[in-house]
file start-v8.cif (mmCIF, C-alpha atoms)
data_run
loop_
_atom_site.label_atom_id
_atom_site.label_comp_id
_atom_site.auth_asym_id
_atom_site.auth_seq_id
_atom_site.Cartn_x
_atom_site.Cartn_y
_atom_site.Cartn_z
CA MET J 1 -10.04 -19.88 -13.30
CA LEU J 2 -9.93 -17.41 -16.20
CA ASP J 3 -12.12 -18.01 -19.23
CA PRO J 4 -10.18 -17.96 -22.55
CA ALA J 5 -10.85 -14.28 -23.37
CA ASP J 6 -9.92 -13.11 -19.83
CA LYS J 7 -6.82 -15.31 -19.89
CA ARG J 8 -5.67 -13.79 -23.20
CA ARG J 9 -6.19 -10.28 -21.81
CA MET J 10 -4.32 -11.16 -18.60
CA LEU J 11 -1.36 -12.55 -20.56
CA THR J 12 -1.22 -9.33 -22.62
CA ARG J 13 -1.44 -7.27 -19.44
CA LEU J 14 1.44 -9.18 -17.82
CA LYS J 15 3.55 -9.00 -21.01
CA ARG J 16 3.08 -5.22 -20.92
CA ILE J 17 4.20 -5.10 -17.26
CA GLU J 18 7.37 -7.06 -18.16
CA GLY J 19 7.98 -4.34 -20.75
CA GLN J 20 7.47 -1.66 -18.08
CA VAL J 21 10.04 -3.30 -15.80
CA ALA J 22 12.48 -3.70 -18.72
CA ALA J 23 12.00 0.02 -19.49
CA VAL J 24 12.79 0.86 -15.84
CA ARG J 25 15.97 -1.19 -16.14
CA ARG J 26 17.01 0.72 -19.27
CA MET J 27 16.31 4.02 -17.45
CA VAL J 28 18.66 2.96 -14.63
CA ASP J 29 21.26 1.81 -17.16
CA GLU J 30 21.12 5.20 -18.87
CA ASP J 31 21.44 7.05 -15.53
CA SER J 32 17.97 8.64 -15.77
CA TYR J 33 16.94 10.99 -12.99
CA CYS J 34 16.04 8.93 -9.86
CA VAL J 35 12.63 10.53 -9.42
CA ASP J 36 11.63 9.64 -13.00
CA VAL J 37 12.70 6.05 -12.34
CA LEU J 38 10.82 6.01 -9.00
CA VAL J 39 7.65 7.20 -10.77
CA GLN J 40 7.94 4.43 -13.39
CA ILE J 41 8.55 1.80 -10.70
CA ALA J 42 5.41 3.06 -8.94
CA ALA J 43 3.52 2.76 -12.26
CA ALA J 44 4.65 -0.87 -12.71
CA ARG J 45 3.61 -1.62 -9.10
CA GLY J 46 0.23 -0.05 -9.82
CA ALA J 47 -0.14 -2.17 -12.96
CA LEU J 48 0.64 -5.32 -10.95
CA GLY J 49 -1.94 -4.27 -8.36
CA LYS J 50 -4.51 -3.81 -11.15
CA ALA J 51 -3.65 -7.26 -12.56
CA GLY J 52 -4.10 -8.68 -9.06
CA THR J 53 -7.48 -6.99 -8.73
CA VAL J 54 -8.73 -8.45 -12.02
CA LEU J 55 -7.47 -11.92 -11.09
CA LEU J 56 -9.07 -11.65 -7.65
CA GLY J 57 -12.40 -10.87 -9.32
CA ALA J 58 -12.12 -13.99 -11.49
CA HIS J 59 -11.06 -16.04 -8.45
CA VAL J 60 -14.10 -14.99 -6.42
CA GLU J 61 -16.41 -15.45 -9.38
CA HIS J 62 -15.21 -18.97 -10.07
CA CYS J 63 -13.22 -20.68 -7.30
CA VAL J 64 -14.83 -19.05 -4.25
CA ARG J 65 -18.29 -19.40 -5.77
CA ASP J 66 -17.68 -23.11 -6.44
CA ALA J 67 -16.57 -23.67 -2.86
CA PHE J 68 -19.66 -21.87 -1.56
CA GLU J 69 -22.02 -23.76 -3.84
CA ARG J 70 -20.49 -27.22 -3.66
CA GLY J 71 -17.91 -27.31 -0.91
CA ASP J 72 -18.28 -28.36 2.72
CA ALA J 73 -17.74 -26.02 5.69
CA GLU J 74 -14.00 -26.74 5.73
CA GLU J 75 -13.51 -25.87 2.04
CA ARG J 76 -15.53 -22.68 2.45
CA GLN J 77 -13.45 -21.65 5.46
CA ALA J 78 -10.26 -22.39 3.50
CA LYS J 79 -11.40 -20.04 0.70
CA VAL J 80 -12.22 -17.26 3.19
CA ASP J 81 -8.83 -17.68 4.90
CA GLU J 82 -7.02 -17.58 1.54
CA LEU J 83 -8.86 -14.41 0.52
CA MET J 84 -7.97 -12.72 3.83
CA ASP J 85 -4.34 -13.69 3.38
CA VAL J 86 -4.27 -12.33 -0.20
CA PHE J 87 -6.05 -9.14 0.86
CA ALA J 88 -3.53 -8.57 3.67
CA ARG J 89 -0.59 -9.08 1.27
CA TYR J 90 -1.90 -6.42 -1.13
CA ALA J 91 -2.95 -4.04 1.66
CA GLY J 92 0.60 -4.24 3.05
CA VAL J 93 -0.69 -5.63 6.36
CA ALA J 94 1.60 -7.83 8.44
CA ARG J 95 0.08 -11.23 9.06
CA MET G 1 -22.46 -9.14 9.03
CA LEU G 2 -20.46 -9.75 12.23
CA ASP G 3 -21.69 -12.22 14.80
CA PRO G 4 -21.92 -10.77 18.35
CA ALA G 5 -18.50 -11.98 19.52
CA ASP G 6 -16.74 -10.75 16.34
CA LYS G 7 -18.59 -7.44 16.57
CA ARG G 8 -17.46 -6.90 20.17
CA ARG G 9 -13.87 -7.69 19.18
CA MET G 10 -14.07 -5.33 16.18
CA LEU G 11 -15.42 -2.49 18.37
CA THR G 12 -12.53 -3.01 20.82
CA ARG G 13 -10.07 -3.05 17.93
CA LEU G 14 -11.42 0.22 16.52
CA LYS G 15 -11.48 1.86 19.97
CA ARG G 16 -7.81 0.96 20.29
CA ILE G 17 -7.06 2.52 16.88
CA GLU G 18 -8.80 5.74 17.97
CA GLY G 19 -6.44 5.71 20.95
CA GLN G 20 -3.46 5.22 18.61
CA VAL G 21 -4.49 8.24 16.52
CA ALA G 22 -5.05 10.31 19.69
CA ALA G 23 -1.55 9.30 20.84
CA VAL G 24 -0.12 10.45 17.49
CA ARG G 25 -1.88 13.79 17.98
CA ARG G 26 -0.33 14.18 21.44
CA MET G 27 3.10 13.34 19.99
CA VAL G 28 2.70 16.13 17.42
CA ASP G 29 1.46 18.49 20.13
CA GLU G 30 4.55 17.74 22.24
CA ASP G 31 6.88 18.27 19.22
CA SER G 32 8.06 14.64 19.16
CA TYR G 33 10.66 13.70 16.59
CA CYS G 34 8.98 13.47 13.14
CA VAL G 35 10.28 9.98 12.40
CA ASP G 36 8.81 8.64 15.67
CA VAL G 37 5.47 10.20 14.70
CA LEU G 38 5.71 8.78 11.16
CA VAL G 39 6.33 5.29 12.57
CA GLN G 40 3.26 5.58 14.85
CA ILE G 41 1.11 6.83 11.96
CA ALA G 42 2.29 3.81 9.94
CA ALA G 43 1.33 1.57 12.89
CA ALA G 44 -2.19 3.06 13.02
CA ARG G 45 -2.52 2.59 9.25
CA GLY G 46 -1.42 -1.02 9.66
CA ALA G 47 -3.99 -1.55 12.42
CA LEU G 48 -6.73 -0.15 10.15
CA GLY G 49 -5.58 -2.48 7.37
CA LYS G 50 -5.79 -5.41 9.80
CA ALA G 51 -9.30 -4.34 10.87
CA GLY G 52 -10.25 -4.16 7.18
CA THR G 53 -8.87 -7.67 6.58
CA VAL G 54 -10.90 -9.13 9.45
CA LEU G 55 -14.05 -7.35 8.27
CA LEU G 56 -13.47 -8.52 4.71
CA GLY G 57 -13.28 -12.09 5.97
CA ALA G 58 -16.63 -11.73 7.75
CA HIS G 59 -18.10 -10.05 4.66
CA VAL G 60 -17.08 -12.90 2.35
CA GLU G 61 -18.20 -15.53 4.87
CA HIS G 62 -21.65 -14.00 5.28
CA CYS G 63 -22.72 -11.48 2.62
CA VAL G 64 -20.84 -12.87 -0.39
CA ARG G 65 -21.77 -16.42 0.56
CA ASP G 66 -25.45 -15.46 0.85
CA ALA G 67 -25.38 -13.85 -2.59
CA PHE G 68 -23.73 -16.94 -4.07
CA GLU G 69 -26.15 -19.35 -2.40
CA ARG G 70 -29.37 -17.40 -2.79
CA GLY G 71 -28.83 -14.49 -5.16
CA ASP G 72 -29.38 -14.29 -8.90
CA ALA G 73 -26.61 -13.64 -11.45
CA GLU G 74 -26.91 -9.87 -11.04
CA GLU G 75 -26.54 -9.95 -7.24
CA ARG G 76 -23.54 -12.28 -7.53
CA GLN G 77 -21.89 -9.99 -10.06
CA ALA G 78 -22.59 -6.99 -7.77
CA LYS G 79 -20.77 -8.74 -4.89
CA VAL G 80 -17.78 -9.57 -7.09
CA ASP G 81 -17.58 -5.96 -8.35
CA GLU G 82 -17.79 -4.62 -4.78
CA LEU G 83 -14.99 -6.95 -3.65
CA MET G 84 -12.76 -5.86 -6.54
CA ASP G 85 -13.42 -2.21 -5.69
CA VAL G 86 -12.59 -2.75 -2.01
CA PHE G 87 -9.48 -4.76 -2.89
CA ALA G 88 -8.26 -1.99 -5.23
CA ARG G 89 -8.80 0.65 -2.51
CA TYR G 90 -6.67 -1.25 0.01
CA ALA G 91 -4.03 -2.22 -2.57
CA GLY G 92 -3.65 1.48 -3.47
CA VAL G 93 -4.69 0.80 -7.06
CA ALA G 94 -6.30 3.61 -9.07
CA ARG G 95 -9.75 2.61 -10.34
CA MET W 1 9.93 20.00 13.22
CA LEU W 2 6.62 21.66 12.27
CA ASP W 3 6.32 25.42 12.33
CA PRO W 4 3.37 26.72 14.44
CA ALA W 5 0.92 27.07 11.50
CA ASP W 6 1.77 23.61 10.10
CA LYS W 7 1.53 22.12 13.57
CA ARG W 8 -1.95 23.59 14.10
CA ARG W 9 -3.07 22.23 10.72
CA MET W 10 -1.60 18.78 11.50
CA LEU W 11 -3.40 18.68 14.89
CA THR W 12 -6.69 19.54 13.16
CA ARG W 13 -6.02 16.90 10.53
CA LEU W 14 -5.35 14.21 13.15
CA LYS W 15 -8.40 15.24 15.20
CA ARG W 16 -10.49 14.77 12.05
CA ILE W 17 -9.01 11.29 11.50
CA GLU W 18 -9.90 10.35 15.10
CA GLY W 19 -13.44 11.40 14.19
CA GLN W 20 -13.34 9.23 11.07
CA VAL W 21 -12.26 6.18 13.11
CA ALA W 22 -14.97 6.92 15.72
CA ALA W 23 -17.52 7.10 12.87
CA VAL W 24 -16.33 3.70 11.60
CA ARG W 25 -16.83 2.30 15.10
CA ARG W 26 -20.40 3.66 15.20
CA MET W 27 -21.07 2.11 11.77
CA VAL W 28 -19.95 -1.29 13.07
CA ASP W 29 -22.02 -0.80 16.24
CA GLU W 30 -25.11 -0.06 14.12
CA ASP W 31 -24.47 -3.12 11.89
CA SER W 32 -23.84 -1.05 8.76
CA TYR W 33 -23.18 -2.93 5.54
CA CYS W 34 -19.59 -4.34 5.63
CA VAL W 35 -18.60 -2.83 2.29
CA ASP W 36 -19.62 0.67 3.46
CA VAL W 37 -17.51 0.17 6.58
CA LEU W 38 -14.58 -1.15 4.52
CA VAL W 39 -14.74 1.95 2.29
CA GLN W 40 -14.68 4.26 5.34
CA ILE W 41 -11.76 2.34 6.87
CA ALA W 42 -9.91 2.76 3.55
CA ALA W 43 -10.70 6.51 3.67
CA ALA W 44 -9.25 6.80 7.21
CA ARG W 45 -6.15 4.88 6.07
CA GLY W 46 -5.82 7.26 3.13
CA ALA W 47 -6.13 10.26 5.47
CA LEU W 48 -3.37 8.83 7.69
CA GLY W 49 -1.20 8.31 4.59
CA LYS W 50 -1.80 11.94 3.61
CA ALA W 51 -0.89 13.11 7.14
CA GLY W 52 2.28 11.01 6.90
CA THR W 53 3.14 12.59 3.53
CA VAL W 54 2.76 16.12 4.92
CA LEU W 55 4.85 15.25 7.98
CA LEU W 56 7.52 13.64 5.80
CA GLY W 57 7.74 16.86 3.78
CA ALA W 58 8.30 18.88 6.96
CA HIS W 59 10.83 16.32 8.19
CA VAL W 60 12.91 16.51 5.02
CA GLU W 61 12.65 20.30 4.91
CA HIS W 62 13.85 20.71 8.49
CA CYS W 63 15.54 17.69 10.08
CA VAL W 64 17.11 16.11 6.98
CA ARG W 65 18.22 19.50 5.71
CA ASP W 66 19.83 20.31 9.07
CA ALA W 67 21.73 17.02 9.05
CA PHE W 68 22.90 17.66 5.49
CA GLU W 69 23.97 21.22 6.24
CA ARG W 70 25.46 20.76 9.67
CA GLY W 71 25.83 17.05 10.42
CA ASP W 72 28.80 14.78 9.87
CA ALA W 73 28.80 11.76 7.53
CA GLU W 74 27.35 9.50 10.24
CA GLU W 75 24.41 11.80 10.99
CA ARG W 76 23.67 12.18 7.27
CA GLN W 77 23.72 8.42 6.79
CA ALA W 78 21.42 8.01 9.82
CA LYS W 79 18.88 10.39 8.23
CA VAL W 80 19.00 8.53 4.91
CA ASP W 81 18.52 5.16 6.68
CA GLU W 82 15.58 6.54 8.67
CA LEU W 83 13.94 7.86 5.50
CA MET W 84 14.34 4.50 3.75
CA ASP W 85 12.83 2.74 6.76
CA VAL W 86 9.85 5.12 6.85
CA PHE W 87 9.37 4.86 3.09
CA ALA W 88 9.37 1.04 3.28
CA ARG W 89 6.77 1.10 6.09
CA TYR W 90 4.36 3.23 4.06
CA ALA W 91 5.02 1.36 0.80
CA GLY W 92 4.14 -1.90 2.59
CA VAL W 93 7.60 -3.31 1.91
CA ALA W 94 9.02 -5.94 4.26
CA ARG W 95 12.30 -4.79 5.82
CA MET M 1 22.54 9.06 -8.90
CA LEU M 2 23.76 5.50 -8.28
CA ASP M 3 27.46 4.78 -7.91
CA PRO M 4 28.73 1.99 -10.24
CA ALA M 5 28.42 -0.82 -7.67
CA ASP M 6 24.89 0.23 -6.61
CA LYS M 7 23.89 0.61 -10.26
CA ARG M 8 25.06 -2.92 -11.09
CA ARG M 9 23.13 -4.30 -8.10
CA MET M 10 20.01 -2.34 -9.10
CA LEU M 11 20.19 -3.66 -12.70
CA THR M 12 20.47 -7.22 -11.37
CA ARG M 13 17.54 -6.59 -9.02
CA LEU M 14 15.34 -5.28 -11.84
CA LYS M 15 16.36 -8.15 -14.17
CA ARG M 16 15.23 -10.55 -11.44
CA ILE M 17 11.87 -8.75 -11.13
CA GLU M 18 11.36 -9.07 -14.92
CA GLY M 19 11.93 -12.79 -14.41
CA GLN M 20 9.34 -12.82 -11.59
CA VAL M 21 6.74 -11.15 -13.84
CA ALA M 22 7.57 -13.57 -16.69
CA ALA M 23 7.09 -16.46 -14.24
CA VAL M 24 3.68 -15.04 -13.25
CA ARG M 25 2.76 -14.93 -16.94
CA ARG M 26 3.73 -18.59 -17.38
CA MET M 27 1.65 -19.50 -14.30
CA VAL M 28 -1.39 -17.83 -15.87
CA ASP M 29 -0.68 -19.52 -19.20
CA GLU M 30 -0.55 -22.93 -17.47
CA ASP M 31 -3.82 -22.21 -15.59
CA SER M 32 -2.17 -22.24 -12.15
CA TYR M 33 -4.42 -21.76 -9.13
CA CYS M 34 -5.43 -18.07 -8.89
CA VAL M 35 -4.31 -17.69 -5.28
CA ASP M 36 -0.82 -18.97 -6.12
CA VAL M 37 -0.65 -16.43 -8.96
CA LEU M 38 -1.95 -13.65 -6.67
CA VAL M 39 0.77 -14.46 -4.11
CA GLN M 40 3.49 -14.28 -6.80
CA ILE M 41 2.10 -10.98 -8.13
CA ALA M 42 2.24 -9.64 -4.55
CA ALA M 43 5.86 -10.84 -4.31
CA ALA M 44 6.81 -9.01 -7.54
CA ARG M 45 5.07 -5.86 -6.23
CA GLY M 46 7.02 -6.20 -2.98
CA ALA M 47 10.28 -6.56 -4.93
CA LEU M 48 9.47 -3.38 -6.89
CA GLY M 49 8.73 -1.58 -3.62
CA LYS M 50 12.11 -2.73 -2.28
CA ALA M 51 13.84 -1.52 -5.45
CA GLY M 52 12.06 1.82 -5.02
CA THR M 53 13.22 2.05 -1.40
CA VAL M 54 16.85 1.45 -2.35
CA LEU M 55 16.66 4.00 -5.18
CA LEU M 56 15.02 6.53 -2.87
CA GLY M 57 17.91 6.12 -0.44
CA ALA M 58 20.43 6.84 -3.21
CA HIS M 59 18.32 9.78 -4.39
CA VAL M 60 18.26 11.40 -0.95
CA GLU M 61 21.94 10.69 -0.39
CA HIS M 62 22.99 12.29 -3.68
CA CYS M 63 20.40 14.52 -5.40
CA VAL M 64 18.55 15.85 -2.34
CA ARG M 65 21.81 16.39 -0.48
CA ASP M 66 23.26 18.30 -3.45
CA ALA M 67 20.21 20.55 -3.60
CA PHE M 68 20.44 21.20 0.15
CA GLU M 69 24.16 21.91 0.04
CA ARG M 70 24.36 23.88 -3.18
CA GLY M 71 20.85 24.76 -4.35
CA ASP M 72 18.81 27.87 -3.69
CA ALA M 73 15.50 27.94 -1.80
CA GLU M 74 13.52 27.13 -4.94
CA GLU M 75 15.59 24.05 -5.78
CA ARG M 76 15.39 22.81 -2.20
CA GLN M 77 11.61 23.23 -2.20
CA ALA M 78 11.40 21.39 -5.56
CA LYS M 79 13.28 18.41 -4.05
CA VAL M 80 10.97 18.33 -1.01
CA ASP M 81 7.87 18.48 -3.25
CA GLU M 82 9.22 15.66 -5.45
CA LEU M 83 9.92 13.50 -2.41
CA MET M 84 6.40 14.06 -1.05
CA ASP M 85 4.93 13.17 -4.45
CA VAL M 86 7.00 9.97 -4.66
CA PHE M 87 6.16 9.04 -1.06
CA ALA M 88 2.43 9.51 -1.75
CA ARG M 89 2.62 7.31 -4.86
CA TYR M 90 4.20 4.42 -2.94
CA ALA M 91 1.96 4.88 0.10
CA GLY M 92 -1.08 4.62 -2.19
CA VAL M 93 -2.23 8.11 -1.20
CA ALA M 94 -4.33 10.14 -3.65
CA ARG M 95 -2.67 13.45 -4.51
#

call {"tool": "encode", "arguments": {"input": "start-v8.cif", "output": "structure tokens"}}
result
Amino acid sequence: MLDPADKRRMLTRLKRIEGQVAAVRRMVDEDSYCVDVLVQIAAARGALGKAGTVLLGAHVEHCVRDAFERGDAEERQAKVDELMDVFARYAGVAR
Amino acid sequence: MLDPADKRRMLTRLKRIEGQVAAVRRMVDEDSYCVDVLVQIAAARGALGKAGTVLLGAHVEHCVRDAFERGDAEERQAKVDELMDVFARYAGVAR
Amino acid sequence: MLDPADKRRMLTRLKRIEGQVAAVRRMVDEDSYCVDVLVQIAAARGALGKAGTVLLGAHVEHCVRDAFERGDAEERQAKVDELMDVFARYAGVAR
Amino acid sequence: MLDPADKRRMLTRLKRIEGQVAAVRRMVDEDSYCVDVLVQIAAARGALGKAGTVLLGAHVEHCVRDAFERGDAEERQAKVDELMDVFARYAGVAR
């Protein structure tokens, strides 16, 4: 899925997001102002969305491409359906 | 991009969304309760997200597949970059 | 809910969004490139989100404020619950 | 902002989300299928959105209410502006 360099970068990215969520937790624990906490939660959500975007790129480049080059009609359709489902989840669309 | 049957369905879907937005406008004009208007705006946004999901499916099935089957490395990369950009727009991710 | 000037601006805003959705429909009808259509659909969604944000501001300023100044505990709680429901709808959170 | 019971629940909720992000990181490390990872990232985003919704409710109930009951016009306007900014961030609307 991810080549070694992309995988290393993705792991770093996710580690950083864990740190963002831990920082949000500390803010709540220290009774920080709600709006500051809400802004940091939105930032962590944004970072997860960015991680998802990068991973989606790798997925299309590798897995979807493989299915299109080597797969049969059924496998290709399965990849398209999966992508639509993932897209809908991130776009906040009910399925 | 869209085969004739899918295109006809997409046109109907978009016509219906225009009607939803027009209905929201009438609600504002008639001083409807804000929360009712906000819920209908959210419904129209959801319907646009659904239209986007369907169109994305057709796009991957036709355009992306063509690029993967017939295009060179540059065209394939262009399709992946476009998909990531579109995904980020719908996921509300800053680019 | 909206004072006359804000109402007029909101009606203009919604009329413009109807135009954006109609333009998307024409793009589909003319077989425009899917990604261009997807970008315009995302723009219309963004415009609806912006309209929702403006309306929410007016709602809090007038209706929520009224409930907080004049309402009893039940009315205040109803306003808070409504706001959370609306927020969740726009944030794409399952309720 | 949060009363003691709500604060305890929020801390537990955020701790769980840290665990979700850590689990996503392990999935990437073990080369799990991209789509499975994308679905779990979407779930963590959804959980953050839910946490934001709950916190927003508490914010309106306490801070906004205080400003409306005791604050002057400037403070009330500041609360409305903050709420619109937060709403736009979660709705993925450019400001």

call {"tool": "resolve_selection", "arguments": {"input": "start-v8.cif", "expression": "the PyMOL selection byres ((chain J) within 10 of (chain G))", "output": "PyMOL selection string"}}
result
chain J and resi 43+45-61+64-70+76-77+79-95

call {"tool": "resolve_selection", "arguments": {"input": "start-v8.cif", "expression": "the PyMOL selection byres ((chain W and resi 11) around 10)", "output": "ChimeraX atom specification"}}
result
/G:22,24-29 /W:6-10,12-17,51

call {"tool": "closest_residue", "arguments": {"input": "start-v8.cif", "among": "M:Ala73, M:Leu2, M:Ala78, M:Ala44", "to": "Ser32 in chain J", "atoms": "only C-alpha atoms"}}
result
M:Leu2

call {"tool": "closest_residue", "arguments": {"input": "start-v8.cif", "among": "G:Val35, G:Ile41, G:Cys63, G:Ala5", "to": "Gly19 in chain G", "atoms": "all atoms listed in the file"}}
result
G:Ile41

call {"tool": "atom_distance", "arguments": {"input": "start-v8.cif", "atom1": "CA of His62 in chain G", "atom2": "CA of Val37 in chain W"}}
result
14.8 Å

call {"tool": "atom_distance", "arguments": {"input": "start-v8.cif", "atom1": "CA of Ala23 in chain W", "atom2": "CA of Val21 in chain G"}}
result
13.6 Å
